[in-house]
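A.B. asks: I am attaching a structure below and will ask some questions about it afterwards.
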Amino acid sequence: MAACCATPAASPCAPSSPMRQPARPERDSATDPPSAAPAIAWGRERDGLQTRLTLRTTQPAVGKPLLVRLELRNTSRTVKRYDAQQAAVNHSLVIKGPEGGPVRYIAGDFQTAGNARTIKPGETVTLVAQLDVTRQYLLAQPGRYAIRFRGQRVAFGASPIPASNTLAISLGGGRLSPLQSILVRMLRVTPKGWRISLSGTAILFQHNRTALKRDVTTVQVWFSKKRLSAGATLGAGKDKRVVQHLGEHPLGYAYLTAPPEVRELWPQAKQKIQAQVNPGEENGPRTPQPP
């Protein structure tokens, strides 16, 4: 599988070459080593292919990485072709939370490039060796979660990749990371029609009036260890933005950039966002000490 290209930020994705296991019959639990996870059933077969999602984290808890592995096997008697370039990105998992509803996807949209690979009869390949679910989904509450790979449609010259088994996970108590804690607060003030996501150490608010990429309006909030000078700008030409200082946070100095049309689409964007970066400071940011 080819490497993923993320826009705007990187995310863990499937390895460039799938890990392969030699063709062999499935063994029973009496002879399989514990690492083979024999008790985890495979998903439903489709066109001679099955997928399996397994948990790699021993003690799942809120605020801690939640690692899963995704495998594909060929149960047919013929060589199959598959393209798994988006197996680890672009909302590839379906997750239900403790209350039974869908869990929010908080990663951005990713552009990927790849090509079809082959899998022999009886062969098993690892599509994603290690995916941290918490970097793409907001697992904010302890409790029971149901996670499965949603499957992928037919790619050119390749078979569809079927949906996986459903993985039941019990998430223990804990605290979200500082950035995800801010994101939870931001959800309270995000207007209808706007999408919020994480991109590295930045929070993005995006609004699209036409469904065309060129018409996306983006408000970006990010944190820096260094304080920028007053009047600092980012970008050039029509993409040039004045950097607006929001205050100081344990993550660093908080900044915001937004295009002019935000004044119409979300008039109080800066004030609303600023209050969530520094709760209780609706009247303005704290003045940080010089670095």
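Chains: A, B, ... in order of the structure tokens. Residues: from 1 per chain. Ligands: from 1, in order shown.
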List the neighbours of Gly231 (chain A) out to 9 Å using only C-alpha atoms; skip same-chain residues closer than 2 positions along the sequence, and give me the result as a list in words.
C.D. replies: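 What passes the distance filter is Leu228, Ser229, Thr233, Val242, Val243 and Gln244 of chain A.
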A.B. asks: With region 177-200 of chain A as the partner and 9 Å as the cut-off, tabulate the residues of region 108-172 of chain A that qualify, each row holding the nearest pair of atoms and their distance in Å to one decimal, using only C-alpha atoms, sorted by chain and rising number, as CSV.
C.D. replies:
residue,atom,partner,partner_atom,distance
A:Gly108,CA,A:Ser197,CA,5.9
A:Arg135,CA,A:Leu198,CA,8.5
A:Gln136,CA,A:Leu198,CA,8.2
A:Leu138,CA,A:Gln180,CA,7.7
A:Ala140,CA,A:Val184,CA,8.5
A.B. asks: Can you check which residues of region 118-287 of chain A DSSP gives as alpha helix (DSSP H) on the backbone and send them as a PDB file with N, CA and C atoms, in the first residue's frame?
C.D. replies:
ATOM      1  N   PRO A 178      -4.940  17.884  26.399  1.00  0.00           N
ATOM      2  CA  PRO A 178      -5.330  19.300  26.424  1.00  0.00           C
ATOM      3  C   PRO A 178      -5.958  19.772  25.118  1.00  0.00           C
ATOM      4  N   LEU A 179      -5.425  19.322  23.976  1.00  0.00           N
ATOM      5  CA  LEU A 179      -5.963  19.766  22.693  1.00  0.00           C
ATOM      6  C   LEU A 179      -7.375  19.232  22.468  1.00  0.00           C
ATOM      7  N   GLN A 180      -7.609  17.955  22.792  1.00  0.00           N
ATOM      8  CA  GLN A 180      -8.952  17.409  22.620  1.00  0.00           C
ATOM      9  C   GLN A 180      -9.923  18.003  23.637  1.00  0.00           C
ATOM     10  N   SER A 181      -9.442  18.371  24.810  1.00  0.00           N
ATOM     11  CA  SER A 181     -10.314  19.040  25.785  1.00  0.00           C
ATOM     12  C   SER A 181     -10.798  20.380  25.241  1.00  0.00           C
ATOM     13  N   ILE A 182      -9.894  21.116  24.580  1.00  0.00           N
ATOM     14  CA  ILE A 182     -10.293  22.372  23.951  1.00  0.00           C
ATOM     15  C   ILE A 182     -11.290  22.109  22.835  1.00  0.00           C
ATOM     16  N   LEU A 183     -11.049  21.063  22.053  1.00  0.00           N
ATOM     17  CA  LEU A 183     -11.961  20.742  20.955  1.00  0.00           C
ATOM     18  C   LEU A 183     -13.367  20.468  21.475  1.00  0.00           C
ATOM     19  N   VAL A 184     -13.477  19.745  22.593  1.00  0.00           N
ATOM     20  CA  VAL A 184     -14.794  19.467  23.177  1.00  0.00           C
ATOM     21  C   VAL A 184     -15.499  20.773  23.520  1.00  0.00           C
ATOM     22  N   ARG A 185     -14.774  21.728  24.076  1.00  0.00           N
ATOM     23  CA  ARG A 185     -15.380  23.025  24.391  1.00  0.00           C
ATOM     24  C   ARG A 185     -15.757  23.780  23.117  1.00  0.00           C
ATOM     25  N   MET A 186     -14.935  23.671  22.093  1.00  0.00           N
ATOM     26  CA  MET A 186     -15.217  24.349  20.827  1.00  0.00           C
ATOM     27  C   MET A 186     -16.504  23.835  20.183  1.00  0.00           C
ATOM     28  N   LEU A 187     -16.808  22.566  20.398  1.00  0.00           N
ATOM     29  CA  LEU A 187     -18.029  21.998  19.821  1.00  0.00           C
ATOM     30  C   LEU A 187     -19.276  22.733  20.311  1.00  0.00           C
ATOM     31  N   VAL A 262     -15.352  35.430   6.883  1.00  0.00           N
ATOM     32  CA  VAL A 262     -15.803  34.939   8.184  1.00  0.00           C
ATOM     33  C   VAL A 262     -16.644  35.991   8.895  1.00  0.00           C
ATOM     34  N   ARG A 263     -16.398  37.255   8.630  1.00  0.00           N
ATOM     35  CA  ARG A 263     -17.193  38.319   9.262  1.00  0.00           C
ATOM     36  C   ARG A 263     -18.675  38.165   8.940  1.00  0.00           C
ATOM     37  N   GLU A 264     -18.965  37.628   7.771  1.00  0.00           N
ATOM     38  CA  GLU A 264     -20.359  37.404   7.368  1.00  0.00           C
ATOM     39  C   GLU A 264     -20.856  36.034   7.815  1.00  0.00           C
ATOM     40  N   LEU A 265     -20.026  35.010   7.654  1.00  0.00           N
ATOM     41  CA  LEU A 265     -20.455  33.646   7.949  1.00  0.00           C
ATOM     42  C   LEU A 265     -20.524  33.354   9.446  1.00  0.00           C
ATOM     43  N   ALA A 269     -16.815  34.852  15.587  1.00  0.00           N
ATOM     44  CA  ALA A 269     -15.902  33.712  15.622  1.00  0.00           C
ATOM     45  C   ALA A 269     -14.766  33.906  16.621  1.00  0.00           C
ATOM     46  N   LYS A 270     -14.070  35.029  16.540  1.00  0.00           N
ATOM     47  CA  LYS A 270     -12.914  35.222  17.418  1.00  0.00           C
ATOM     48  C   LYS A 270     -13.325  35.216  18.883  1.00  0.00           C
ATOM     49  N   GLN A 271     -14.384  35.943  19.223  1.00  0.00           N
ATOM     50  CA  GLN A 271     -14.804  36.017  20.624  1.00  0.00           C
ATOM     51  C   GLN A 271     -15.235  34.652  21.159  1.00  0.00           C
ATOM     52  N   LYS A 272     -16.000  33.915  20.356  1.00  0.00           N
ATOM     53  CA  LYS A 272     -16.482  32.601  20.792  1.00  0.00           C
ATOM     54  C   LYS A 272     -15.325  31.626  20.977  1.00  0.00           C
ATOM     55  N   ILE A 273     -14.413  31.631  20.021  1.00  0.00           N
ATOM     56  CA  ILE A 273     -13.276  30.714  20.087  1.00  0.00           C
ATOM     57  C   ILE A 273     -12.344  31.083  21.232  1.00  0.00           C
ATOM     58  N   GLN A 274     -12.098  32.365  21.389  1.00  0.00           N
ATOM     59  CA  GLN A 274     -11.203  32.843  22.438  1.00  0.00           C
ATOM     60  C   GLN A 274     -11.692  32.429  23.823  1.00  0.00           C
ATOM     61  N   ALA A 275     -12.993  32.488  24.033  1.00  0.00           N
ATOM     62  CA  ALA A 275     -13.563  32.125  25.328  1.00  0.00           C
ATOM     63  C   ALA A 275     -13.377  30.647  25.639  1.00  0.00           C
ATOM     64  N   GLN A 276     -13.282  29.799  24.599  1.00  0.00           N
ATOM     65  CA  GLN A 276     -13.104  28.370  24.830  1.00  0.00           C
ATOM     66  C   GLN A 276     -11.633  27.998  24.985  1.00  0.00           C
ATOM     67  N   VAL A 277     -10.753  28.759  24.366  1.00  0.00           N
ATOM     68  CA  VAL A 277      -9.321  28.534  24.569  1.00  0.00           C
ATOM     69  C   VAL A 277      -8.949  28.861  26.008  1.00  0.00           C
TER      70      VAL A 277
END
A.B. asks: Measuring atom to atom with only C-alpha atoms, identify which of A:Gln130, A:Thr75, A:Gln152, A:Thr217 is nearest to Pro259 (chain A).
C.D. replies: A:Thr217
A.B. asks: Looking only at strand (DSSP E) from DSSP on the backbone, list the matching residues of region 75-279 of chain A as a ChimeraX atom specification.
C.D. replies: /A:80-82,93-96,110-112,117-119,124-132,143-149,167-171,194-199,202-208,216-224,233-234,241-242,244-249,252-257
A.B. asks: Find the residue from A:Ala116, A:Leu212, A:Val94, A:Val103 that sits nearest to Pro160 (chain A); use only C-alpha atoms when measuring.
C.D. replies: A:Ala116
A.B. asks: Skip Thr218 (chain A) itself and residues of its chain fewer than 3 positions away, then list as a ChimeraX atom specification all residues within 7 Å of it, counting only C-alpha atoms.
C.D. replies: /A:204-207,258
A.B. asks: Find the residues near Leu70 (chain A): any atom within 8 Å, counting only C-alpha atoms, skip ones fewer than 2 places away on the same chain, and give them as an mmCIF file with N, CA and C atoms, in the first residue's frame.
C.D. replies:
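And here is the file that came out, part.cif:
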data_model
loop_
_atom_site.group_PDB
_atom_site.id
_atom_site.type_symbol
_atom_site.label_atom_id
_atom_site.label_comp_id
_atom_site.auth_asym_id
_atom_site.auth_seq_id
_atom_site.Cartn_x
_atom_site.Cartn_y
_atom_site.Cartn_z
ATOM 1 N N THR A 51 -11.978 -9.422 6.323
ATOM 2 C CA THR A 51 -11.102 -8.560 7.116
ATOM 3 C C THR A 51 -11.326 -8.818 8.599
ATOM 4 N N ARG A 52 -10.300 -8.501 9.379
ATOM 5 C CA ARG A 52 -10.390 -8.677 10.831
ATOM 6 C C ARG A 52 -9.715 -7.501 11.524
ATOM 7 N N LEU A 53 -10.410 -6.957 12.514
ATOM 8 C CA LEU A 53 -9.890 -5.862 13.330
ATOM 9 C C LEU A 53 -9.579 -6.411 14.715
ATOM 10 N N THR A 54 -8.367 -6.193 15.205
ATOM 11 C CA THR A 54 -7.984 -6.686 16.526
ATOM 12 C C THR A 54 -7.410 -5.547 17.366
ATOM 13 N N VAL A 68 -5.289 -0.399 17.100
ATOM 14 C CA VAL A 68 -5.938 -1.543 16.471
ATOM 15 C C VAL A 68 -5.134 -1.966 15.244
ATOM 16 N N LEU A 72 -6.360 -8.624 6.217
ATOM 17 C CA LEU A 72 -7.170 -9.087 5.084
ATOM 18 C C LEU A 72 -6.721 -10.493 4.726
ATOM 19 N N THR A 126 -1.435 -7.902 6.436
ATOM 20 C CA THR A 126 -1.770 -6.846 7.389
ATOM 21 C C THR A 126 -1.906 -5.539 6.633
ATOM 22 N N LEU A 127 -3.103 -4.998 6.585
ATOM 23 C CA LEU A 127 -3.341 -3.739 5.884
ATOM 24 C C LEU A 127 -2.889 -2.554 6.717
ATOM 25 N N VAL A 128 -3.183 -2.591 8.008
ATOM 26 C CA VAL A 128 -2.790 -1.519 8.930
ATOM 27 C C VAL A 128 -2.207 -2.184 10.169
ATOM 28 N N ALA A 129 -0.912 -2.046 10.362
ATOM 29 C CA ALA A 129 -0.261 -2.719 11.485
ATOM 30 C C ALA A 129 -0.649 -2.102 12.817
ATOM 31 N N GLN A 130 -0.791 -0.776 12.839
ATOM 32 C CA GLN A 130 -1.083 -0.101 14.104
ATOM 33 C C GLN A 130 -1.734 1.246 13.825
ATOM 34 N N PHE A 149 -14.182 -1.850 10.915
ATOM 35 C CA PHE A 149 -13.741 -1.270 9.654
ATOM 36 C C PHE A 149 -14.933 -1.282 8.710
#
